[in-house]
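Colleague: Input structure: upload.txt, which contains compact mmCIF, C-alpha atoms.
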```txt
# COMPACT_ATOMS: atom_id res chain seq x y z
CA MET A 1 0.00 0.00 0.00
CA ASN A 2 1.09 3.58 -0.62
CA ILE A 3 0.64 6.58 1.65
CA ARG A 4 -2.65 7.60 -0.02
CA GLU A 5 -4.17 4.22 0.83
CA TYR A 6 -2.94 4.28 4.43
CA LEU A 7 -4.21 7.81 5.04
CA HIS A 8 -7.55 6.81 3.55
CA THR A 9 -8.02 4.31 6.42
CA ILE A 10 -7.87 7.05 9.11
CA PRO A 11 -11.54 7.94 9.74
CA GLU A 12 -10.87 11.33 11.37
CA LEU A 13 -9.34 12.65 8.14
CA ASN A 14 -11.98 13.84 5.68
CA ILE A 15 -9.81 13.26 2.62
CA THR A 16 -11.35 10.47 0.53
CA LYS A 17 -12.07 12.67 -2.49
CA ARG A 18 -9.20 15.07 -1.84
CA LEU A 19 -6.60 12.28 -1.93
CA GLN A 20 -7.82 11.08 -5.31
CA MET A 21 -7.42 14.56 -6.80
CA MET A 22 -4.11 15.50 -5.17
CA THR A 23 -1.11 15.82 -7.43
CA LYS A 24 2.24 14.54 -6.19
CA SER A 25 3.29 18.03 -5.09
CA GLN A 26 -0.03 18.61 -3.32
CA LEU A 27 0.32 15.28 -1.52
CA GLU A 28 3.81 16.27 -0.39
CA LEU A 29 2.46 19.56 1.02
CA TYR A 30 -0.33 17.69 2.78
CA ALA A 31 2.18 15.23 4.20
CA GLU A 32 4.16 18.17 5.60
CA SER A 33 1.04 19.51 7.34
CA LEU A 34 0.40 16.06 8.86
CA HIS A 35 3.98 15.85 10.12
CA THR A 36 3.66 19.35 11.59
CA PHE A 37 0.51 18.28 13.43
CA THR A 38 2.18 15.20 14.96
CA GLU A 39 5.19 17.27 16.02
CA LYS A 40 3.22 20.14 17.58
CA PHE A 41 0.42 18.16 19.22
CA PRO A 42 2.37 16.84 22.27
CA SER A 43 3.35 20.39 23.26
CA GLU A 44 -0.21 21.71 22.91
CA GLU A 45 -1.51 18.67 24.79
CA GLY A 46 0.86 19.42 27.66
CA GLU A 47 -0.30 23.04 27.80
CA VAL A 48 -3.95 22.00 27.91
CA LYS A 49 -3.36 19.48 30.68
CA ALA A 50 -1.37 21.99 32.74
CA ALA A 51 -4.12 24.59 32.38
CA MET A 52 -6.82 22.07 33.31
CA GLU A 53 -4.95 21.19 36.51
CA LYS A 54 -5.12 24.88 37.44
CA ARG A 55 -8.76 25.12 36.27
CA ASP A 56 -7.56 27.94 34.00
CA ILE A 57 -10.33 27.62 31.42
CA LYS A 58 -9.27 30.72 29.45
CA THR A 59 -5.86 29.17 28.76
CA VAL A 60 -7.49 25.82 27.98
CA ILE A 61 -9.63 27.58 25.36
CA ILE A 62 -6.57 29.27 23.81
CA HIS A 63 -4.79 25.95 23.27
CA LEU A 64 -7.92 24.06 22.24
CA THR A 65 -8.49 26.77 19.62
CA SER A 66 -4.94 26.20 18.39
CA LEU A 67 -5.61 22.47 18.17
CA ARG A 68 -8.88 23.13 16.35
CA ASP A 69 -7.01 25.20 13.74
CA MET A 70 -4.42 22.45 13.38
CA LEU A 71 -7.18 19.90 12.80
CA ALA A 72 -8.79 22.07 10.14
CA GLY A 73 -5.40 22.33 8.47
CA ILE A 74 -5.16 18.55 8.05
CA HIS A 75 -8.80 18.16 6.92
CA ALA A 76 -10.09 16.70 10.19
CA GLU A 77 -13.04 19.07 9.99
CA GLU A 78 -15.48 16.99 12.01
CA LEU A 79 -13.16 16.95 15.02
CA ALA A 80 -12.39 20.65 14.53
CA ASN A 81 -16.08 21.59 14.40
CA ASP A 82 -16.89 19.44 17.43
CA CYS A 83 -14.08 21.14 19.35
CA TRP A 84 -15.37 24.59 18.42
CA LYS A 85 -18.90 23.65 19.51
CA HIS A 86 -17.67 22.54 22.93
CA ILE A 87 -15.43 25.60 23.38
CA ASN A 88 -18.45 27.85 22.79
CA SER A 89 -20.39 26.04 25.51
CA PHE A 90 -17.69 26.15 28.19
CA ASP A 91 -19.19 29.24 29.88
CA GLU A 92 -22.30 27.22 30.64
CA GLU A 93 -20.61 23.96 31.70
CA ARG A 94 -19.36 22.75 35.07
CA PRO A 95 -15.56 22.29 35.36
CA GLU A 96 -16.04 18.51 35.74
CA LYS A 97 -17.87 18.28 32.42
CA ILE A 98 -15.25 20.42 30.70
CA GLU A 99 -12.52 18.18 32.12
CA ALA A 100 -14.31 15.06 30.85
CA TYR A 101 -14.58 16.47 27.33
CA VAL A 102 -10.97 17.68 27.30
CA SER A 103 -9.75 14.24 28.40
CA TYR A 104 -11.78 12.57 25.64
CA PHE A 105 -10.65 15.11 23.03
CA LEU A 106 -6.96 14.79 23.87
CA SER A 107 -7.22 11.00 23.85
CA THR A 108 -8.82 11.13 20.39
CA LEU A 109 -6.07 13.40 19.09
CA THR A 110 -3.38 11.18 20.60
CA SER A 111 -4.85 8.26 18.68
CA LEU A 112 -5.05 10.36 15.49
CA SER A 113 -1.44 11.49 15.83
CA ILE A 114 -0.23 7.92 16.31
CA ASP A 115 -2.33 6.67 13.38
CA ILE A 116 -0.81 9.31 11.10
CA GLN A 117 2.72 8.37 12.13
CA LEU A 118 1.91 4.67 11.72
CA ALA A 119 0.57 5.32 8.21
CA PHE A 120 3.82 6.95 7.08
CA PHE A 121 5.90 4.27 8.78
CA LYS A 122 4.00 1.45 7.06
CA ALA A 123 4.16 3.20 3.69
CA GLU A 124 7.94 3.61 4.04
CA GLU A 125 8.30 -0.06 5.04
CA ASP A 126 6.20 -1.13 2.06
CA GLU A 127 8.41 0.91 -0.25
CA LYS A 128 11.54 -0.69 1.19
CA ASN A 129 10.03 -4.16 0.80
CA SER A 130 8.44 -3.54 -2.59
CA GLY A 131 10.66 -6.16 -4.18
CA GLN A 132 9.45 -8.83 -1.76
CA SER A 133 6.15 -10.72 -1.73
CA ALA A 134 3.36 -8.41 -2.81
CA GLY A 135 0.43 -8.01 -0.45
CA LYS A 136 2.14 -9.61 2.56
CA THR A 137 0.93 -8.14 5.88
CA ASN A 138 0.95 -8.96 9.57
CA GLU A 139 -2.81 -9.39 9.67
CA VAL A 140 -4.38 -12.79 10.16
CA ASN A 141 -6.70 -14.26 7.52
CA PRO A 142 -10.10 -12.67 8.33
CA GLU A 143 -11.95 -15.69 6.91
CA SER A 144 -10.52 -18.08 9.48
CA SER A 145 -13.15 -19.29 11.98
CA GLU A 146 -10.58 -20.55 14.48
CA ILE A 147 -10.67 -18.88 17.89
CA LYS A 148 -7.52 -16.79 18.22
CA SER A 149 -5.59 -16.28 21.43
CA ILE A 150 -4.47 -12.84 22.61
CA LEU A 151 -1.76 -12.31 25.19
CA ALA A 152 -2.58 -9.04 26.98
CA VAL A 153 0.06 -7.61 29.32
CA ASP A 154 -0.53 -4.63 31.62
CA ASP A 155 0.46 -4.02 35.24
CA ASP A 156 -2.86 -2.18 35.73
CA THR A 157 -5.55 -4.80 36.38
CA TYR A 158 -8.29 -2.20 35.82
CA CYS A 159 -6.93 -1.59 32.33
CA LEU A 160 -6.91 -5.34 31.66
CA ASP A 161 -10.51 -5.64 32.86
CA THR A 162 -11.52 -2.74 30.60
CA PHE A 163 -9.77 -4.39 27.67
CA LYS A 164 -11.47 -7.73 28.30
CA ALA A 165 -14.86 -6.04 28.60
CA ALA A 166 -14.28 -4.26 25.29
CA LEU A 167 -13.77 -7.62 23.59
CA LYS A 168 -16.64 -9.52 25.21
CA GLU A 169 -18.44 -9.75 21.85
CA VAL A 170 -15.28 -10.64 19.89
CA PRO A 171 -14.60 -14.38 19.47
CA CYS A 172 -11.15 -14.71 20.98
CA LYS A 173 -9.34 -16.14 24.00
CA ILE A 174 -7.62 -13.56 26.19
CA ILE A 175 -4.69 -14.55 28.39
CA ALA A 176 -4.09 -11.61 30.76
CA VAL A 177 -0.89 -11.18 32.78
CA THR A 178 0.46 -8.25 34.78
CA SER A 179 4.20 -8.28 34.07
CA GLY A 180 6.75 -8.84 31.34
CA LEU A 181 8.30 -11.76 33.16
CA GLY A 182 4.86 -13.30 33.60
CA ALA A 183 4.28 -12.95 29.87
CA LEU A 184 7.54 -14.73 29.06
CA GLY A 185 6.46 -17.57 31.33
CA VAL A 186 3.21 -17.89 29.37
CA LEU A 187 5.11 -17.95 26.09
CA SER A 188 6.88 -21.12 27.16
CA LYS A 189 3.49 -22.87 26.97
CA ILE A 190 1.48 -21.15 24.22
CA ARG A 191 1.94 -19.30 20.94
CA PRO A 192 -0.55 -16.38 20.77
CA GLU A 193 -1.89 -15.04 17.49
CA LEU A 194 -1.82 -11.46 18.82
CA PHE A 195 0.01 -9.49 21.52
CA VAL A 196 -1.43 -6.46 23.32
CA LEU A 197 1.26 -4.85 25.46
CA ASP A 198 1.19 -1.88 27.78
CA ILE A 199 4.40 0.12 27.43
CA GLU A 200 4.81 1.80 30.82
CA MET A 201 5.34 -1.15 33.17
CA PRO A 202 7.79 -1.59 36.07
CA GLY A 203 10.69 -3.97 35.52
CA MET A 204 10.42 -5.08 31.89
CA ASP A 205 8.49 -2.46 29.95
CA GLY A 206 6.41 -3.19 26.85
CA ILE A 207 9.11 -2.31 24.35
CA LYS A 208 11.69 -4.59 25.98
CA LEU A 209 9.05 -7.32 26.18
CA ALA A 210 8.29 -6.90 22.47
CA GLN A 211 11.96 -7.22 21.64
CA GLU A 212 12.16 -10.42 23.69
CA ILE A 213 9.03 -11.76 22.00
CA ARG A 214 10.61 -11.26 18.60
CA ALA A 215 13.92 -12.72 19.80
CA GLN A 216 12.06 -15.90 20.76
CA GLY A 217 10.73 -16.23 17.22
CA HIS A 218 7.15 -15.06 17.75
CA ASP A 219 6.00 -13.11 14.70
CA ALA A 220 2.36 -12.40 15.64
CA PRO A 221 1.24 -8.74 15.43
CA ILE A 222 1.92 -6.51 18.43
CA ILE A 223 -0.47 -3.77 19.54
CA PHE A 224 0.88 -1.34 22.11
CA ILE A 225 -1.24 0.38 24.76
CA THR A 226 0.01 3.91 25.36
CA GLY A 227 -0.96 7.46 26.21
CA LYS A 228 1.95 9.18 24.47
CA SER A 229 2.30 10.36 20.89
CA THR A 230 5.69 12.08 20.59
CA LYS A 231 7.54 11.27 17.39
CA GLU A 232 10.54 9.68 19.11
CA TYR A 233 8.33 7.57 21.35
CA VAL A 234 6.11 6.30 18.53
CA GLN A 235 9.09 5.53 16.28
CA LYS A 236 10.68 3.51 19.07
CA CYS A 237 7.48 1.46 19.36
CA MET A 238 7.32 0.90 15.60
CA GLN A 239 10.90 -0.27 15.52
CA ALA A 240 10.00 -2.74 18.27
CA GLY A 241 7.32 -4.23 16.02
CA ALA A 242 4.15 -2.20 16.57
CA ALA A 243 1.36 -3.12 14.16
CA ASP A 244 -1.11 -0.74 15.81
CA PHE A 245 -1.81 1.20 19.02
CA ILE A 246 -4.60 1.47 21.57
CA VAL A 247 -4.63 4.79 23.40
CA LYS A 248 -5.26 5.18 27.12
CA PRO A 249 -7.80 5.73 28.56
CA ILE A 250 -9.17 2.79 26.58
CA VAL A 251 -12.29 3.49 24.53
CA PRO A 252 -13.98 0.06 24.27
CA GLN A 253 -15.33 0.40 20.71
CA ASP A 254 -12.03 1.74 19.39
CA ALA A 255 -10.10 -1.08 21.08
CA ALA A 256 -12.48 -3.70 19.67
CA ASN A 257 -12.25 -2.26 16.15
CA ARG A 258 -8.46 -2.27 16.21
CA ILE A 259 -8.29 -5.82 17.55
CA LYS A 260 -10.74 -7.14 14.96
CA LYS A 261 -8.36 -6.17 12.16
CA PHE A 262 -6.00 -8.90 13.30
CA LEU A 263 -8.44 -11.70 14.11
```
What would you get if you wrote out this structure as structure tokens?

Modeller:
Amino acid sequence: MNIREYLHTIPELNITKRLQMMTKSQLELYAESLHTFTEKFPSEEGEVKAAMEKRDIKTVIIHLTSLRDMLAGIHAEELANDCWKHINSFDEERPEKIEAYVSYFLSTLTSLSIDIQLAFFKAEEDEKNSGQSAGKTNEVNPESSEIKSILAVDDDTYCLDTFKAALKEVPCKIIAVTSGLGALGVLSKIRPELFVLDIEMPGMDGIKLAQEIRAQGHDAPIIFITGKSTKEYVQKCMQAGAADFIVKPIVPQDAANRIKKFL
């Protein structure tokens, strides 16, 4: 797949028709605007969170407005318009409701930023491997009726429970463990079809665990659970074998949709 096809799969970007009409130079300019968004978002996110901690709603609005403009610039108009609608209602809302929306909005943008970076990474990998088997991916045959096993690793049991609840309607077997060493013990007995790994864990973190998983010869897709979207952080995850990401706090429907792609 090329970058047009990968960007087309990101639902927040309203670019289906635009991508088809873009010339090569226009696509390059659009790619630059996407890269700018992923680079600037973590800083704006930090400013919003700091202002929310102080209940400084005026400053929150300033940075949300900046994020709204950035979203409009990458053709994520629906998110931009939704942001503007909420900003205009802040004067009438309780701080708790504003905080809930801001948390949801930032989580959505974190996921969008990661998806954009993942799209470019996959497109670059496809270009490098263009001489190899065409159409080869990490995804499992969607027509298979066999129940797949998922090894989910997170030191936060609440997060694991949320993840399992999100997949209650998905035909799969979830093996949940709370540490990297515990996961390695499980791998001596089973061979999962999918890995879902939290990154920030004490002892062996998710990236080190992913590296060990690959060193042991397991080639199943790896989905990382994270709340960060900085370029260096995401690239490190991709180099460790990330096929996709689930952003904290976990949104059940989003988690289920991302998992289904690999089952």

Colleague: When distances are computed from all atoms listed in the file, which of A:Leu263, A:Val170, A:Ile207, A:Ala240 shows the smallest separation from Glu193 in chain A?

Modeller: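 Among the listed residues, A:Leu263 lies closest to Glu193 in chain A.
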
Colleague: Within 9 Å of (7.9, -8.3, 25.5) (file coordinates; all atoms listed in the file), which protein or nucleic acid residues are there? I'd like them as a PyMOL selection string.

Modeller: chain A and resi 153+180-181+183-184+195+197+204-214

Colleague: Store the residues picked out above in a file with C-alpha atoms, as a PDB file, keeping the file's coordinate frame.

Modeller:
```
ATOM      1  CA  VAL A 153       0.060  -7.610  29.320  1.00  0.00           C
ATOM      2  CA  GLY A 180       6.750  -8.840  31.340  1.00  0.00           C
ATOM      3  CA  LEU A 181       8.300 -11.760  33.160  1.00  0.00           C
ATOM      4  CA  ALA A 183       4.280 -12.950  29.870  1.00  0.00           C
ATOM      5  CA  LEU A 184       7.540 -14.730  29.060  1.00  0.00           C
ATOM      6  CA  PHE A 195       0.010  -9.490  21.520  1.00  0.00           C
ATOM      7  CA  LEU A 197       1.260  -4.850  25.460  1.00  0.00           C
ATOM      8  CA  MET A 204      10.420  -5.080  31.890  1.00  0.00           C
ATOM      9  CA  ASP A 205       8.490  -2.460  29.950  1.00  0.00           C
ATOM     10  CA  GLY A 206       6.410  -3.190  26.850  1.00  0.00           C
ATOM     11  CA  ILE A 207       9.110  -2.310  24.350  1.00  0.00           C
ATOM     12  CA  LYS A 208      11.690  -4.590  25.980  1.00  0.00           C
ATOM     13  CA  LEU A 209       9.050  -7.320  26.180  1.00  0.00           C
ATOM     14  CA  ALA A 210       8.290  -6.900  22.470  1.00  0.00           C
ATOM     15  CA  GLN A 211      11.960  -7.220  21.640  1.00  0.00           C
ATOM     16  CA  GLU A 212      12.160 -10.420  23.690  1.00  0.00           C
ATOM     17  CA  ILE A 213       9.030 -11.760  22.000  1.00  0.00           C
ATOM     18  CA  ARG A 214      10.610 -11.260  18.600  1.00  0.00           C
TER      19      ARG A 214
END
```

Colleague: Pick out the residues sitting within 12 Å of Val102 in chain A, and hand them over as a PyMOL selection string; count only C-alpha atoms, and ignore anything fewer than 3 positions along from it in its own chain.

Modeller: chain A and resi 45-53+55+57+60-61+63-64+67+82-83+86-87+90+95-99+105-109

Colleague: Point out the residue among A:Met238, A:Val247, A:Leu7, A:Leu194 with the least atom-to-atom distance to Lys260 in chain A, counting all atoms listed in the file.

Modeller: A:Leu194

Colleague: For a quick check of understanding, using all atoms listed in the file, which of A:Thr178, A:Gln253, A:Ser149, A:Gln117 has the smallest distance to Thr38 in chain A?

Modeller: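 Closest residue, counting all atoms listed in the file: A:Gln117.
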
Colleague: Could you work out how far CA of Gln239 in chain A lies from CA of Leu79 in chain A, giving the answer in Å with one decimal?

Modeller: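 Spanning CA of Leu79 in chain A to CA of Gln239 in chain A is a straight-line distance of 29.6 Å.
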
Colleague: Just how far from CA of Lys261 in chain A is CA of Lys164 in chain A, in Å to one decimal?

Modeller: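 Going from CA of Lys164 in chain A over to CA of Lys261 in chain A covers 16.5 Å.
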
Colleague: Using Å and a single decimal, report how far CA of Tyr101 in chain A sits from CA of Glu32 in chain A.

Modeller: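 Between CA of Glu32 in chain A and CA of Tyr101 in chain A the gap is 28.7 Å.
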
Colleague: For Ile15 in chain A, please output as a list in words all residues within 9 Å (counting all atoms listed in the file; exclusion window: fewer than 3 positions along the same chain).

Modeller: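 Using all atoms listed in the file, the neighbours found are Leu7, His8, Arg18, Leu19, Gln20, Ile74, His75 and Ala76 of chain A.
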
Colleague: Between A:Ala119, A:Ile223, A:Met70, A:Ile199, single out the one closest to Ile150 in chain A, counting all atoms listed in the file.

Modeller: A:Ile223
